[in-house]
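Trainee: One structure coming up, written as structure tokens, with questions to follow.
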Amino acid sequence: MRKLVVFLLTLMSIAWGAPSPARGQPAQGTAAAPSRTAILGFTASLTGNVNVESTRQTNGIRMWVDDVNKAGGIRLADGSAVALDIRFYDDESNKDRVQQLYTRLINEDKADFLISPYSSGLTDAAAVIAEQYGRVMITTGASSDSTHEKGYTLAFMTYTPASRYLAGAFDLLASLDASAKKVAIVHERDKFSTDVATAARDYGASKGYEVVLFEGYATGTTDFAPFINRMPGDVDAIMGGGHFADSSTFARQLSEKGIRAKFIALLVAPPEPRFGELGGAALGVIGPSQWEPGVRYSAEAARAANLAWYGPPVSDFVARYTARFGDTPSYHSAGGYAAGLVLEQAIARAGSLDTAKVKAALDGTDMLTFFGHTKYDTSAKRHGRQIGHEMVYIQWQKDEQGKLVKRVVWPEDARAAEPLYPARAQAGAGVNQLLTSVVDGLMLGFVYGIAAMGMTLIWGIMRVINLSHGAIIALGMFASYFLFTHLGLNPYVGLLAVAGAGLLLGLLIYPVAVHRVIHAPHHLTTLLATFAVNMIFIGLGTAFLTTTPRNIDYSLGTARLGPVALPGTRLMAALMAVLVASALTLFLRRTRLGMAIRAVASNRASAELMGIPSSRVLGLSFGLGTMLAAVAGGLIATFFPFTILSGESYQLKSFVIGVLGGLGNPIGALAGGLLLGMLEGLIPIFLPVSWVPVVEFALFVLVLLVRPSGLFGART
């Protein structure tokens with residue numbers, strides 16, 4: 001009997017000391033109820049510019065937590081089992097908010113362990129807090145090398161580092177075409193993308209490539225024409241991008257402008273299943289991926305490499321994720337789950353929730369999971385940096401039925417299909433950069449002019465600076481978007497409804513916020529009133545519409561003017577802008593109501609003596625101004641992605657245009673818009689794109705000093 005007891009105790013100790021069963025394989029028997037719960041804290045970008053990627057990462061984390069808890073928790077050395085509970089908050093893709101929330105997770109929610117937010121910039125902000133408060137943090141969705149070069153000891157990277165992100169793209173290009181040497185790199189100016197692009201530039205140079213363009217763009221950029229126009233016509237390869245929204249827009253605009261580079265490799269977006277919705281713009285585009293559903297990591301591969309295997313098989317993870325979320329997992333989803341597996345095995349091997357013991361277990365991690373090889377640098381210089389995991393590269397191709405699919409094309413031992421090369425039908429012939437830039441700028445300038453026309457009309461008639469102008473432009477974008485996506489209304493036909501809604505909105509704002517203060521002795525009163533309206537719209541928009549980028553997926557193809565490609569949506573927007581400006585001019589000069597508006601603007605007291613109801617005329621004028629702003633937003637939404645915050649940049653441009661064209665001169669506003677658009681097209685040919693706002697506002701100040709009435713005079 002005594003031998004039997006000893007035998008049973010031995011078996012139990014082995015079971016408790018071993019890692020948990022593979023997540024995709026059900027545990028045998030009934031698991032003991034966990035004796036305690038560990039709190040896992042993280043933030044997620046439920047809103048903001050990295051919402052798509054972050055949501056997928058969060059899905060992976062939640063699925064892992066559920067799997068652990070269904071299996072009875074994580075077994076510790078003392079025989080107890082630990083269940084997991086998660087606490088997470090929306091960081092809104094904001095660094096400052098990340099640090100506040102991670103401090104809250106530790107101090108108020110008592111998080112035992114942390115997982116990073118999505119993106120290198122946000123993770124870098126969170127790593128400071130984790131180190132300060134002594135919490136282990138598994139980073140996923142983050143690849144910046146520099147985070148692990150600051151002496152931190154508690155952050156452990158899941159992804160391949162940024163320094164190796166695009167190196168394989170150069171290796172793939174070299175294997176396809178030894179004569180291709182000219183590369184343009186255009187990247188988002190955030191931490192992750194800058195680290196990747198800088199490392200890629202240096203790696204490419206070391207391999208004999210000529211980087212003919214290396215330039216960054218601000219986060220949230222939606223117009224890539226200035227960068228595309230700077231690319232030499234004989235460029236062989238285009239690399240760069242940033243995150244899903246901007247990389248997708250970049251790819252779309254490369255296609256619209258007829259850029260036929262032989263090789264295109266962009267960050268983050270191409271591995272996402274949604275990237276295929278771009279249609280022809282996605283064809284041939286390559287993307288580095290941390291993981292793909294077709295990878296061949298397995299327990300057998302682990303044994304062959306003399307590595308420990310941990311977690312579910314690839315096929316099991318893919319099948320269960322797809323069944324649960326109704327979508328094929330991306331590498332962001334897999335990375336979230338894999339980060340959990342890394343932490344789970346470390347806790348199991350440490351046999352404790354003690355931070356020092358779990359850290360020691362992570363330092364010794366050397367294993368294979370469905371996500372790939374995981375091993376960490378334990379040196380003081382780069383502690384926690386991933387040194388085991390490697391990238392794969394996918395390309396969007398057409399299958400036998402002509403359907404767009406993504407396939408692994410590199411490295412060679414993981415290749416599922418031969419690369420499509422050249423990526424486009426032919427290598428691009430050179431275009432006249434000057435002509436292309438001028439035409440692009442003029443088409444955009446028409447829309448700028450309509451946006452500014454609404455602001456300058458209100459000023460010219462009422463002497464009110466409408467600081468809710470930008471928010472109304474953004475609301476026009478969303479109105480057009482919802483009419484298109486939910487009612488299937490052609491966005492140009494929908495402009496009639498957008499215009500009507502903009503007019504009604506202005507007629508509502510005027511009596512509520514403007515009428516009572518329009519006679520105040522100082523312009524600051526109306527300025528503050530419209531600013532309050534702006535903040536209300538932004539707050540409500542952020543709450544109900546979020547700050548996740550949207551776009552109207554509508555195309556009119558591309559027309560050509562000699563060597564210049566004219567995207568159909570931009571050409572149509574320019575034509576619509578001309579029609580709107582012409583209609584406004586005829587209304588103001590040829591109709592009784594228009595003449596009444598001009599009379600009130602010229603001399604309100606005299607107009608009232610003539611029987612013109614000035615209060616009603618002023619209300620209508622404000623409504624016309626908001627109508628023009630909403631129409632401008634509806635036009636812009638047909639070719640640029642947008643959020644509720646997008647209108648602010650157009651409001652700033654409207655100030656510049658108003659000064660150029662003459663505040664109070666609607667037709668001058670259109671001319672000022674064309675001038676500003678042409679400047680934005682021409683400046684990047686001679687200077688980096690980052691100089692565009694510098695030149696614009698320098699011109700703004702110069703005109704104010706030399707000709708305060710504007711280049712075209714202030715009149716209505």
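Chain labels run A, B, ... following the order of the structure tokens; each chain numbers its residues from 1, and ligands are numbered from 1 in the order shown.
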Got a sec: who's within 12 Å of A:Leu368, counting only C-alpha atoms, leaving out chain neighbours fewer than 6 positions off, as a PyMOL selection string?

Mentor: chain A and resi 296-314+338+341-342+345+374-375+388-390

Trainee: Those selected residues, please, written with C-alpha atoms and delivered as an mmCIF file, in the first residue's frame.

Mentor:
```
data_model
loop_
_atom_site.group_PDB
_atom_site.id
_atom_site.type_symbol
_atom_site.label_atom_id
_atom_site.label_comp_id
_atom_site.auth_asym_id
_atom_site.auth_seq_id
_atom_site.Cartn_x
_atom_site.Cartn_y
_atom_site.Cartn_z
ATOM 1 C CA ARG A 296 4.767 24.471 -41.403
ATOM 2 C CA TYR A 297 5.872 24.672 -37.782
ATOM 3 C CA SER A 298 5.071 21.441 -35.966
ATOM 4 C CA ALA A 299 6.077 19.158 -33.094
ATOM 5 C CA GLU A 300 8.014 17.057 -35.606
ATOM 6 C CA ALA A 301 9.922 20.135 -36.794
ATOM 7 C CA ALA A 302 10.687 20.980 -33.163
ATOM 8 C CA ARG A 303 12.130 17.513 -32.522
ATOM 9 C CA ALA A 304 14.229 17.762 -35.685
ATOM 10 C CA ALA A 305 15.627 21.093 -34.466
ATOM 11 C CA ASN A 306 16.104 19.763 -30.925
ATOM 12 C CA LEU A 307 13.634 22.331 -29.553
ATOM 13 C CA ALA A 308 10.751 22.011 -27.116
ATOM 14 C CA TRP A 309 7.289 22.238 -28.688
ATOM 15 C CA TYR A 310 4.534 24.122 -26.875
ATOM 16 C CA GLY A 311 0.898 24.899 -27.641
ATOM 17 C CA PRO A 312 -1.598 23.917 -30.367
ATOM 18 C CA PRO A 313 -0.732 22.874 -33.918
ATOM 19 C CA VAL A 314 -0.982 25.502 -36.647
ATOM 20 C CA ALA A 338 1.731 33.416 -29.105
ATOM 21 C CA LEU A 341 1.866 30.990 -24.818
ATOM 22 C CA VAL A 342 5.282 32.477 -24.060
ATOM 23 C CA GLN A 345 5.177 28.318 -20.426
ATOM 24 C CA THR A 374 11.145 31.897 -29.671
ATOM 25 C CA LYS A 375 14.453 32.721 -28.013
ATOM 26 C CA GLY A 388 14.782 33.126 -32.709
ATOM 27 C CA HIS A 389 11.844 34.190 -34.842
ATOM 28 C CA GLU A 390 12.140 34.839 -38.605
#
```

Trainee: Residues within 9 Å of A:Glu256, please, as number ranges by chain. Count only C-alpha atoms; anything in the same chain fewer than 5 positions from it doesn't count.

Mentor: A: 251, 281, 557-558, 565-568

Trainee: Which polymer residues have any atom within 10 Å of an atom of A:Glu696, counting only C-alpha atoms, with same-chain residues fewer than 2 positions away left out, as a PyMOL selection string?

Mentor: chain A and resi 653+656-657+676+679-680+683+691-694+698-702

Trainee: Selected residues, N, CA and C atoms, written as a compact mmCIF listing (two decimals), in the first residue's frame, please.

Mentor:
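So part_12.txt came out as:
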```txt
# COMPACT_ATOMS: atom_id res chain seq x y z
N LYS A 653 -5.97 74.78 -43.69
CA LYS A 653 -5.73 75.17 -45.08
C LYS A 653 -6.72 76.25 -45.51
N VAL A 656 -5.41 79.63 -44.61
CA VAL A 656 -4.36 80.06 -45.55
C VAL A 656 -4.99 80.50 -46.87
N ILE A 657 -5.93 79.70 -47.37
CA ILE A 657 -6.58 80.01 -48.64
C ILE A 657 -7.38 81.30 -48.53
N LEU A 676 -2.81 77.14 -53.65
CA LEU A 676 -2.26 76.30 -52.59
C LEU A 676 -2.04 74.87 -53.09
N LEU A 679 1.04 74.73 -55.19
CA LEU A 679 2.24 74.79 -54.34
C LEU A 679 2.53 73.43 -53.72
N GLU A 680 1.47 72.76 -53.24
CA GLU A 680 1.66 71.45 -52.62
C GLU A 680 2.13 70.42 -53.64
N ILE A 683 6.23 71.97 -54.55
CA ILE A 683 7.27 72.04 -53.51
C ILE A 683 8.01 70.71 -53.35
N TRP A 691 8.62 70.02 -45.89
CA TRP A 691 8.75 71.47 -46.02
C TRP A 691 7.47 72.13 -46.53
N VAL A 692 6.50 71.35 -46.99
CA VAL A 692 5.28 71.92 -47.56
C VAL A 692 4.57 72.85 -46.58
N PRO A 693 4.23 72.42 -45.34
CA PRO A 693 3.55 73.35 -44.43
C PRO A 693 4.40 74.56 -44.06
N VAL A 694 5.72 74.39 -44.02
CA VAL A 694 6.60 75.51 -43.71
C VAL A 694 6.45 76.60 -44.76
N ALA A 698 4.63 80.27 -44.29
CA ALA A 698 5.49 81.44 -44.54
C ALA A 698 4.81 82.37 -45.55
N LEU A 699 4.20 81.78 -46.58
CA LEU A 699 3.46 82.57 -47.56
C LEU A 699 2.25 83.25 -46.91
N PHE A 700 1.60 82.53 -46.01
CA PHE A 700 0.46 83.06 -45.25
C PHE A 700 0.86 84.35 -44.52
N VAL A 701 1.96 84.30 -43.79
CA VAL A 701 2.44 85.45 -43.04
C VAL A 701 2.85 86.58 -43.98
N LEU A 702 3.52 86.22 -45.08
CA LEU A 702 3.98 87.22 -46.04
C LEU A 702 2.82 88.00 -46.64
```

Trainee: Can you check which residues of stretch 388-528 of chain A DSSP gives as strand (DSSP E or B) on the backbone and send them as a PyMOL selection string?

Mentor: chain A and resi 392-398+404-410

Trainee: Taking the DSSP secondary structure from the backbone, can you list the residues of stretch 554-608 of chain A that are helix (DSSP H, G or I), as a ChimeraX atom specification?

Mentor: /A:568-590,592-602,604-608
